[in-house]
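Structure below is start29.txt: compact mmCIF, C-alpha atoms.
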```
# COMPACT_ATOMS: atom_id res chain seq x y z
CA MET A 1 -38.21 53.76 267.87
CA HIS A 2 -39.29 54.21 264.28
CA ILE A 3 -39.00 57.85 263.17
CA GLY A 4 -42.14 58.55 261.18
CA LEU A 5 -43.92 61.50 259.63
CA ASN A 6 -45.45 62.54 262.95
CA HIS A 7 -42.04 63.09 264.54
CA PHE A 8 -40.99 65.57 261.88
CA LEU A 9 -44.35 67.32 261.90
CA VAL A 10 -44.36 67.76 265.69
CA LEU A 11 -40.75 69.00 265.58
CA ALA A 12 -41.69 71.53 262.92
CA ALA A 13 -44.78 72.60 264.90
CA VAL A 14 -42.69 73.20 268.05
CA LEU A 15 -40.13 75.15 266.03
CA PHE A 16 -42.86 77.24 264.42
CA CYS A 17 -44.42 78.12 267.76
CA ILE A 18 -41.04 79.05 269.25
CA GLY A 19 -40.51 81.37 266.28
CA LEU A 20 -44.04 82.73 266.65
CA TYR A 21 -43.55 83.52 270.33
CA GLY A 22 -40.23 85.23 269.57
CA ALA A 23 -41.64 87.28 266.70
CA LEU A 24 -44.52 88.51 268.85
CA SER A 25 -42.70 89.18 272.10
CA ARG A 26 -39.30 90.64 271.30
CA ARG A 27 -38.41 94.32 271.06
CA ASN A 28 -35.28 94.15 268.95
CA ALA A 29 -36.29 94.30 265.28
CA ILE A 30 -33.41 92.08 264.17
CA VAL A 31 -34.41 89.37 266.65
CA ILE A 32 -37.95 89.55 265.25
CA LEU A 33 -36.50 88.92 261.77
CA MET A 34 -34.49 85.98 263.11
CA CYS A 35 -37.65 84.46 264.60
CA ILE A 36 -39.43 84.85 261.26
CA GLU A 37 -36.56 82.92 259.66
CA ILE A 38 -37.07 80.18 262.27
CA MET A 39 -40.76 79.99 261.32
CA LEU A 40 -39.90 79.69 257.63
CA ASN A 41 -37.44 76.89 258.39
CA ALA A 42 -40.15 75.05 260.30
CA VAL A 43 -42.43 75.28 257.28
CA ASN A 44 -39.65 73.93 255.07
CA ILE A 45 -39.17 70.93 257.35
CA THR A 46 -42.91 70.23 257.10
CA LEU A 47 -42.85 70.45 253.29
CA VAL A 48 -39.86 68.14 252.92
CA ALA A 49 -41.26 65.65 255.46
CA PHE A 50 -44.52 65.41 253.54
CA SER A 51 -42.65 65.03 250.29
CA ARG A 52 -40.53 62.21 251.68
CA PHE A 53 -43.25 60.22 253.44
CA VAL A 54 -46.36 60.72 251.32
CA THR A 55 -44.97 60.97 247.76
CA PRO A 56 -41.33 59.87 247.79
CA ALA A 57 -41.07 59.72 244.00
CA LEU A 58 -42.07 63.35 243.48
CA VAL A 59 -39.86 66.17 244.75
CA THR A 60 -42.56 68.83 244.75
CA GLY A 61 -42.03 69.50 248.46
CA HIS A 62 -38.33 70.08 247.84
CA ILE A 63 -39.08 72.59 245.08
CA PHE A 64 -41.59 74.41 247.25
CA ALA A 65 -38.94 74.54 249.99
CA ILE A 66 -36.36 75.93 247.55
CA PHE A 67 -38.73 78.74 246.61
CA VAL A 68 -39.47 79.43 250.28
CA ILE A 69 -35.71 79.70 250.93
CA THR A 70 -35.38 82.11 248.00
CA VAL A 71 -38.22 84.33 249.19
CA ALA A 72 -36.95 84.21 252.80
CA ALA A 73 -33.49 85.35 251.72
CA ALA A 74 -34.91 88.23 249.68
CA GLU A 75 -37.18 89.22 252.56
CA ALA A 76 -34.28 89.18 255.01
CA VAL A 77 -32.31 91.46 252.69
CA VAL A 78 -35.06 94.03 252.31
CA GLY A 79 -36.09 93.84 255.98
CA LEU A 80 -32.55 94.43 257.19
CA ALA A 81 -32.13 97.29 254.72
CA ILE A 82 -35.23 98.89 256.22
CA ILE A 83 -33.98 98.33 259.78
CA ILE A 84 -30.58 99.83 259.02
CA SER A 85 -32.23 102.78 257.35
CA ILE A 86 -34.45 103.33 260.41
CA PHE A 87 -31.44 103.03 262.71
CA ARG A 88 -29.72 105.83 260.82
CA THR A 89 -32.47 108.32 261.61
CA ARG A 90 -33.88 107.08 264.94
CA ASP A 91 -30.69 105.57 266.41
CA THR A 92 -32.64 102.63 267.81
CA VAL A 93 -33.99 99.28 266.64
CA ASP A 94 -36.37 98.92 269.56
CA VAL A 95 -39.80 98.44 267.98
CA GLU A 96 -41.55 99.91 271.00
CA ARG A 97 -39.79 103.21 270.38
CA ILE A 98 -40.36 103.24 266.62
CA ASP A 99 -44.08 103.72 266.96
CA MET A 100 -44.68 107.12 265.38
CA MET A 101 -44.36 107.82 261.68
CA LYS A 102 -43.09 111.34 262.16
CA TRP A 103 -42.48 113.52 265.15
CA MET B 104 -39.23 52.94 254.57
CA GLU B 105 -35.90 52.06 256.11
CA THR B 106 -35.43 54.35 259.10
CA GLY B 107 -32.77 52.43 260.92
CA ALA B 108 -31.11 53.01 264.28
CA GLY B 109 -28.66 55.56 262.85
CA VAL B 110 -31.41 57.81 261.60
CA THR B 111 -33.24 57.51 264.93
CA ILE B 112 -30.24 58.57 267.00
CA ALA B 113 -29.36 61.33 264.53
CA PHE B 114 -32.92 62.63 264.52
CA TRP B 115 -33.18 62.87 268.31
CA ILE B 116 -29.80 64.53 268.75
CA ILE B 117 -30.44 67.02 265.94
CA ALA B 118 -33.97 67.71 267.19
CA VAL B 119 -32.72 68.53 270.71
CA VAL B 120 -29.99 70.80 269.31
CA LEU B 121 -32.51 72.50 267.02
CA ILE B 122 -35.07 73.23 269.75
CA ALA B 123 -32.37 74.38 272.16
CA SER B 124 -30.82 76.78 269.66
CA ALA B 125 -34.25 78.14 268.64
CA LEU B 126 -35.01 78.85 272.30
CA ALA B 127 -31.59 80.48 272.59
CA VAL B 128 -32.37 82.78 269.65
CA VAL B 129 -35.50 83.99 271.43
CA PHE B 130 -34.26 84.25 275.00
CA VAL B 131 -30.55 85.07 274.97
CA ARG B 132 -29.85 88.64 276.03
CA ASN B 133 -26.94 89.38 273.72
CA VAL B 134 -28.16 89.80 270.13
CA PHE B 135 -24.88 88.62 268.62
CA ARG B 136 -25.10 85.36 270.58
CA ALA B 137 -28.66 85.00 269.33
CA ALA B 138 -27.30 85.22 265.78
CA ILE B 139 -24.76 82.49 266.55
CA ALA B 140 -27.57 80.35 267.97
CA LEU B 141 -29.49 80.97 264.75
CA ILE B 142 -26.53 79.66 262.75
CA VAL B 143 -26.55 76.50 264.90
CA ALA B 144 -30.31 76.21 264.25
CA PHE B 145 -29.79 76.49 260.48
CA LEU B 146 -27.12 73.78 260.60
CA ALA B 147 -29.45 71.57 262.62
CA VAL B 148 -32.20 72.08 260.04
CA ALA B 149 -29.72 70.97 257.36
CA GLY B 150 -29.13 67.87 259.48
CA ILE B 151 -32.89 67.26 259.59
CA TYR B 152 -32.95 67.49 255.80
CA VAL B 153 -30.25 64.82 255.66
CA THR B 154 -32.33 62.50 257.85
CA LEU B 155 -35.17 63.15 255.41
CA ARG B 156 -32.93 62.10 252.50
CA ALA B 157 -33.08 65.62 251.01
CA ASP B 158 -29.43 65.94 250.04
CA PHE B 159 -29.69 68.86 247.60
CA LEU B 160 -31.86 70.83 249.97
CA ALA B 161 -29.41 70.32 252.85
CA ALA B 162 -26.60 71.74 250.71
CA VAL B 163 -28.80 74.66 249.59
CA GLN B 164 -29.76 75.34 253.22
CA ILE B 165 -26.14 75.60 254.34
CA LEU B 166 -25.07 77.64 251.32
CA ILE B 167 -27.89 80.16 251.45
CA TYR B 168 -29.02 80.34 255.06
CA VAL B 169 -25.70 79.92 256.85
CA GLY B 170 -23.58 81.37 254.07
CA ALA B 171 -25.64 84.39 253.13
CA VAL B 172 -28.61 85.15 255.39
CA ALA B 173 -26.78 84.61 258.69
CA VAL B 174 -23.78 86.66 257.52
CA LEU B 175 -26.17 89.42 256.45
CA LEU B 176 -27.86 89.31 259.87
CA ILE B 177 -24.49 89.63 261.61
CA PHE B 178 -23.60 92.60 259.41
CA ALA B 179 -26.88 94.25 260.35
CA ILE B 180 -26.29 93.52 264.06
CA VAL B 181 -22.87 95.12 263.85
CA LEU B 182 -24.33 98.19 262.15
CA THR B 183 -27.19 98.60 264.65
CA ARG B 184 -25.44 97.79 267.89
CA ASP B 185 -27.23 98.60 271.12
CA VAL B 186 -25.48 96.56 273.82
CA PRO B 187 -27.24 97.83 276.97
CA GLN B 188 -30.69 97.13 275.51
CA GLY B 189 -29.86 93.79 273.94
CA ASN B 190 -32.83 91.51 273.44
CA PRO B 191 -35.61 92.43 275.89
CA ALA B 192 -39.21 91.23 275.85
CA ASN B 193 -42.08 93.57 275.20
CA GLN B 194 -45.45 94.03 276.87
CA LEU B 195 -47.23 91.36 274.87
CA ARG B 196 -45.18 88.50 276.19
CA LEU B 197 -47.91 86.78 278.19
CA SER B 198 -50.48 86.96 275.39
CA ALA B 199 -47.86 85.83 272.90
CA PHE B 200 -47.03 82.87 275.11
CA ILE B 201 -50.68 81.89 275.48
CA LEU B 202 -51.32 82.32 271.77
CA SER B 203 -48.34 80.26 270.65
CA GLY B 204 -49.05 77.63 273.30
CA LEU B 205 -52.64 77.27 272.11
CA PHE B 206 -51.54 77.18 268.49
CA LEU B 207 -48.95 74.50 269.30
CA ALA B 208 -51.61 72.42 271.06
CA VAL B 209 -53.97 72.73 268.08
CA LEU B 210 -51.20 71.79 265.64
CA ILE B 211 -50.08 68.76 267.64
CA VAL B 212 -53.64 67.48 268.06
CA ALA B 213 -54.29 67.97 264.32
CA VAL B 214 -51.06 66.21 263.34
CA LEU B 215 -51.45 63.25 265.68
CA SER B 216 -55.08 62.60 264.93
CA THR B 217 -54.86 62.69 261.13
CA ASN B 218 -54.45 59.46 259.24
CA TRP B 219 -51.62 60.34 256.88
CA GLN B 220 -51.39 58.18 253.77
CA ILE B 221 -47.80 57.16 254.19
CA SER B 222 -46.39 55.52 251.10
CA ASN B 223 -44.16 52.45 251.19
CA GLU B 224 -41.87 53.47 248.37
CA PRO B 225 -38.26 54.13 249.27
CA ALA B 226 -36.94 57.66 249.20
CA LEU B 227 -35.03 58.85 246.17
CA GLU B 228 -31.32 58.19 246.34
CA ASN B 229 -30.24 61.36 244.56
CA THR B 230 -32.72 64.23 244.56
CA THR B 231 -30.68 66.66 242.47
CA GLY B 232 -31.64 65.12 239.12
CA ALA B 233 -35.27 64.84 240.15
CA ILE B 234 -35.36 68.49 241.27
CA ALA B 235 -33.76 69.57 237.99
CA THR B 236 -36.33 67.63 235.98
CA ALA B 237 -39.23 68.93 238.01
CA LEU B 238 -38.04 72.52 237.65
CA PHE B 239 -36.97 72.61 234.02
CA ASP B 240 -39.04 69.96 232.27
CA LYS B 241 -40.51 71.41 229.09
CA ASN B 242 -44.10 70.33 229.72
CA THR B 243 -44.52 69.96 233.46
CA GLY B 244 -41.66 72.00 234.90
CA PHE B 245 -41.92 74.94 237.29
CA ILE B 246 -40.17 77.25 234.87
CA LEU B 247 -42.40 80.27 235.40
CA PRO B 248 -41.98 80.35 239.21
CA PHE B 249 -38.25 79.98 238.65
CA GLU B 250 -38.09 83.01 236.37
CA VAL B 251 -40.39 85.02 238.62
CA ALA B 252 -38.10 84.18 241.56
CA SER B 253 -35.17 85.61 239.60
CA VAL B 254 -37.07 88.84 238.97
CA MET B 255 -38.03 88.98 242.65
CA LEU B 256 -34.40 88.61 243.69
CA LEU B 257 -33.46 91.42 241.33
CA ALA B 258 -36.17 93.61 242.85
CA ALA B 259 -34.91 92.77 246.36
CA ILE B 260 -31.33 93.68 245.44
CA ILE B 261 -32.32 96.99 243.87
CA GLY B 262 -34.66 97.77 246.76
CA ALA B 263 -32.02 97.07 249.40
CA ILE B 264 -29.43 99.20 247.59
CA VAL B 265 -31.86 102.09 247.23
CA LEU B 266 -32.86 101.87 250.89
CA VAL B 267 -29.36 101.96 252.38
CA ARG B 268 -27.50 104.25 250.04
CA GLU B 269 -26.18 107.55 251.35
CA LYS B 270 -28.30 110.45 250.25
```
Step by step, read the file and then write its structure as structure tokens.
Amino acid sequence: MHIGLNHFLVLAAVLFCIGLYGALSRRNAIVILMCIEIMLNAVNITLVAFSRFVTPALVTGHIFAIFVITVAAAEAVVGLAIIISIFRTRDTVDVERIDMMKW
Amino acid sequence: METGAGVTIAFWIIAVVLIASALAVVFVRNVFRAAIALIVAFLAVAGIYVTLRADFLAAVQILIYVGAVAVLLIFAIVLTRDVPQGNPANQLRLSAFILSGLFLAVLIVAVLSTNWQISNEPALENTTGAIATALFDKNTGFILPFEVASVMLLAAIIGAIVLVREK
């Protein structure tokens, strides 16, 4: 079977929806962050697949993907810093119990 | 476009591993094992980049995602350990499932019914030089986003340090 653009796009779509389900339905804040990283990886696969099949001479999709990786890493850093900071005061990372600003 | 038998076999194996490890990240009860599954998923995505002839991006993926982001996640898991709770599902799980299922159906229908203009040129052999030119070319390079990304990383570092320092 010839692997074409559609294969990579459907793979990325399935990956994105798995990440979306995980980000919406999990209670552990770190698992939510992990599912967001899965979604960003799915987007990167889409970008690189389009770059390879539609305009193979340009690497614009690769550059976009590099910037997405950069932003995802920075977001993971700040998000985990926030989660650790919350854990120090509330002693939990369960998002259903971190629902009041101050009590 | 020369997708031979090797690429086909590699794509299917890597795709199965990728989907399985992504499902493991969402559904496994132990958060640390979910982080290990995430590392497997990142490695599988690097494999997908290799089947897409994106050599530089595969190396960047392993260096940054597996080497830095996953290690950072494991540090955070160690610092916020809650073994009895683990990785439970919340109240919205049915609506989340319906929503992501519908979204997946819409995406697949949109992808399969669009006539993509697939080009017949071969993929670049070595993308590193092309990426360097596209980023740093004097007239058409993405120099400004590059510098802004550096400033953003600096802001992220300072922000993280300020957030977690001892008062």
Original post:
Taking all atoms listed in the file into account, which of B:Tyr168, B:Phe130, B:Phe245, B:Phe159 comes nearest B:Leu146?
Top reply: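 Between B:Tyr168, B:Phe130, B:Phe245, B:Phe159, the residue approaching B:Leu146 most closely is B:Tyr168.
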Subject >> Neighbour list for B:Ala157 as a list in words, cut-off 9 Å, only C-alpha atoms, skip fewer than 6 positions in-chain >> reply: Val48, Arg52 and His62 of chain A; Ala149, Ile151, Leu227, Glu228, Asn229, Thr230 and Thr231 of chain B
Subject >> Length of the atom CA of B:Asp185 to atom CA of B:Arg132 vector [Å] >> reply: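 Pair atom CA of B:Asp185 / atom CA of B:Arg132 returns 11.4 Å.
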**OP:** Kindly provide, as a list in words, the residues of chain A having any atom no farther than 6 Å from an atom of chain B, counting all atoms listed in the file.
**Re:**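 For chain A, the answer reads Cys17, Tyr21, Gly22, Leu24, Ser25, Arg26, Arg27, Asn28, Phe53, Val54, Pro56, Ala74, Val78, Ala81 and Ser85 of chain A.
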**OP:** Kindly indicate which residue among A:Gly4, A:Phe87, A:Ser51, A:Val31 lies nearest to B:Val131, using only C-alpha atoms for the distances.
**Re:**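 Ranked by minimum distance to B:Val131, first place goes to A:Val31.
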Original post:
Mind pulling up the distance from atom CA of B:Val169 to atom CA of A:Met39?
Top reply: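 According to the coordinates, atom CA of A:Met39 and atom CA of B:Val169 are separated by 15.7 Å.
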Subject >> Distance of atom CA of A:Ala42 from atom CA of A:Leu11, expressed in Å to one decimal place >> reply: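 Distance reported for this atom pair: 8.1 Å.
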Original post:
Closest to A:Phe8 among A:Leu33, A:Val93, A:Leu40, A:Ile45, using only C-alpha atoms?
Top reply: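 Of all the options, A:Ile45 lies closest to A:Phe8.
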**OP:** Choose the residue, out of A:Ile3, A:Ala73, A:Thr60, A:Glu96, that has the smallest atom-to-atom separation from B:Gly170; count all atoms listed in the file.
**Re:**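 Of A:Ile3, A:Ala73, A:Thr60, A:Glu96, the one nearest B:Gly170 is A:Ala73, counting all atoms listed in the file.
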**OP:** Give the answer as one residue: which of B:Leu166, B:Ile117, B:Asn218, B:Phe239 has the shortest atom-to-atom distance to A:Leu5, using all atoms listed in the file?
**Re:**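 Answer, going by the shortest atom-to-atom distance: B:Asn218.
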Centre, edges in Å (one decimal): axis-aligned box, stretch 145-152 of chain B, 5 Å padding on all six sides, as AutoDock Vina command-line options:
```
--center_x -30.0 --center_y 71.9 --center_z 259.2 --size_x 15.8 --size_y 19.2 --size_z 16.8
```
Original post:
Out of A:Leu47, A:Val95, A:Met1, A:Val71, which residue has the shortest atom-to-atom distance to A:Ala23 when counting all atoms listed in the file?
Top reply: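 Looking at the shortest contact to A:Ala23, the residue is A:Val95.
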Got a sec to write stretch 154-200 of chain B of the block to a file, N, CA and C atoms, as a compact mmCIF listing (two decimals), in the first residue's frame?
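Generated output (selection_28.txt):
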```txt
# COMPACT_ATOMS: atom_id res chain seq x y z
N THR B 154 10.02 8.82 8.60
CA THR B 154 9.31 8.35 7.41
C THR B 154 8.87 9.50 6.53
N LEU B 155 8.79 10.72 7.10
CA LEU B 155 8.45 11.89 6.31
C LEU B 155 9.68 12.61 5.79
N ARG B 156 10.85 11.98 5.91
CA ARG B 156 12.11 12.54 5.46
C ARG B 156 12.46 13.84 6.16
N ALA B 157 12.03 14.02 7.41
CA ALA B 157 12.36 15.23 8.17
C ALA B 157 13.43 14.86 9.18
N ASP B 158 14.69 14.81 8.70
CA ASP B 158 15.75 14.28 9.56
C ASP B 158 16.09 15.23 10.70
N PHE B 159 16.22 16.53 10.39
CA PHE B 159 16.57 17.50 11.43
C PHE B 159 15.49 17.55 12.51
N LEU B 160 14.24 17.51 12.05
CA LEU B 160 13.14 17.61 13.00
C LEU B 160 13.06 16.37 13.89
N ALA B 161 13.41 15.20 13.36
CA ALA B 161 13.41 14.00 14.19
C ALA B 161 14.46 14.12 15.30
N ALA B 162 15.65 14.65 14.94
CA ALA B 162 16.69 14.83 15.95
C ALA B 162 16.26 15.86 16.99
N VAL B 163 15.66 16.97 16.54
CA VAL B 163 15.19 18.00 17.46
C VAL B 163 14.11 17.44 18.38
N GLN B 164 13.23 16.62 17.85
CA GLN B 164 12.15 16.02 18.65
C GLN B 164 12.74 15.19 19.77
N ILE B 165 13.72 14.34 19.45
CA ILE B 165 14.28 13.48 20.50
C ILE B 165 15.05 14.32 21.51
N LEU B 166 15.85 15.28 21.02
CA LEU B 166 16.63 16.10 21.94
C LEU B 166 15.73 16.88 22.89
N ILE B 167 14.71 17.54 22.36
CA ILE B 167 13.95 18.47 23.18
C ILE B 167 12.82 17.75 23.90
N TYR B 168 12.01 16.98 23.18
CA TYR B 168 10.87 16.38 23.85
C TYR B 168 11.29 15.27 24.79
N VAL B 169 12.05 14.29 24.29
CA VAL B 169 12.45 13.19 25.16
C VAL B 169 13.50 13.67 26.15
N GLY B 170 14.45 14.49 25.68
CA GLY B 170 15.57 14.85 26.53
C GLY B 170 15.26 15.91 27.56
N ALA B 171 14.31 16.79 27.28
CA ALA B 171 14.06 17.87 28.23
C ALA B 171 12.63 17.84 28.78
N VAL B 172 11.63 17.84 27.91
CA VAL B 172 10.25 17.96 28.38
C VAL B 172 9.84 16.74 29.18
N ALA B 173 10.18 15.55 28.71
CA ALA B 173 9.79 14.32 29.43
C ALA B 173 10.51 14.23 30.77
N VAL B 174 11.79 14.61 30.80
CA VAL B 174 12.53 14.59 32.06
C VAL B 174 11.91 15.58 33.04
N LEU B 175 11.53 16.75 32.52
CA LEU B 175 10.88 17.75 33.37
C LEU B 175 9.56 17.23 33.93
N LEU B 176 8.79 16.53 33.07
CA LEU B 176 7.52 15.96 33.53
C LEU B 176 7.76 14.93 34.63
N ILE B 177 8.81 14.11 34.48
CA ILE B 177 9.07 13.10 35.50
C ILE B 177 9.49 13.75 36.81
N PHE B 178 10.30 14.83 36.72
CA PHE B 178 10.63 15.58 37.92
C PHE B 178 9.38 16.08 38.62
N ALA B 179 8.46 16.65 37.83
CA ALA B 179 7.24 17.20 38.42
C ALA B 179 6.38 16.09 39.02
N ILE B 180 6.36 14.90 38.38
CA ILE B 180 5.58 13.79 38.94
C ILE B 180 6.18 13.36 40.26
N VAL B 181 7.53 13.33 40.33
CA VAL B 181 8.16 12.93 41.58
C VAL B 181 7.85 13.93 42.69
N LEU B 182 7.80 15.22 42.32
CA LEU B 182 7.57 16.24 43.34
C LEU B 182 6.11 16.37 43.75
N THR B 183 5.18 15.81 42.96
CA THR B 183 3.76 15.95 43.29
C THR B 183 3.10 14.59 43.37
N ARG B 184 3.74 13.67 44.05
CA ARG B 184 3.31 12.28 44.05
C ARG B 184 2.03 12.07 44.85
N ASP B 185 1.08 11.36 44.23
CA ASP B 185 -0.16 11.07 44.93
C ASP B 185 -0.60 9.68 44.50
N VAL B 186 0.05 8.65 45.00
CA VAL B 186 -0.11 7.29 44.45
C VAL B 186 -1.52 6.74 44.59
N PRO B 187 -2.24 6.91 45.70
CA PRO B 187 -3.57 6.32 45.75
C PRO B 187 -4.52 6.90 44.71
N GLN B 188 -4.42 8.21 44.47
CA GLN B 188 -5.29 8.84 43.47
C GLN B 188 -4.92 8.40 42.06
N GLY B 189 -3.64 8.64 41.71
CA GLY B 189 -3.19 8.20 40.40
C GLY B 189 -3.76 9.06 39.28
N ASN B 190 -4.44 8.44 38.35
CA ASN B 190 -4.87 9.09 37.13
C ASN B 190 -6.35 8.81 36.90
N PRO B 191 -7.26 9.34 37.74
CA PRO B 191 -8.67 9.01 37.55
C PRO B 191 -9.31 9.90 36.49
N ALA B 192 -10.53 9.54 36.11
CA ALA B 192 -11.29 10.33 35.15
C ALA B 192 -12.25 11.21 35.90
N ASN B 193 -12.59 12.34 35.29
CA ASN B 193 -13.50 13.25 36.00
C ASN B 193 -14.92 13.08 35.47
N GLN B 194 -15.81 14.04 35.91
CA GLN B 194 -17.22 13.85 35.60
C GLN B 194 -17.53 14.02 34.13
N LEU B 195 -16.64 14.76 33.41
CA LEU B 195 -17.01 15.11 32.04
C LEU B 195 -16.65 14.04 31.05
N ARG B 196 -16.40 12.79 31.52
CA ARG B 196 -15.76 11.89 30.58
C ARG B 196 -16.65 11.50 29.44
N LEU B 197 -17.97 11.39 29.66
CA LEU B 197 -18.84 11.00 28.55
C LEU B 197 -18.93 12.12 27.52
N SER B 198 -19.12 13.37 27.99
CA SER B 198 -19.20 14.48 27.03
C SER B 198 -17.89 14.67 26.30
N ALA B 199 -16.77 14.46 27.02
CA ALA B 199 -15.48 14.58 26.35
C ALA B 199 -15.33 13.52 25.28
N PHE B 200 -15.80 12.30 25.57
CA PHE B 200 -15.70 11.24 24.59
C PHE B 200 -16.55 11.55 23.37
```
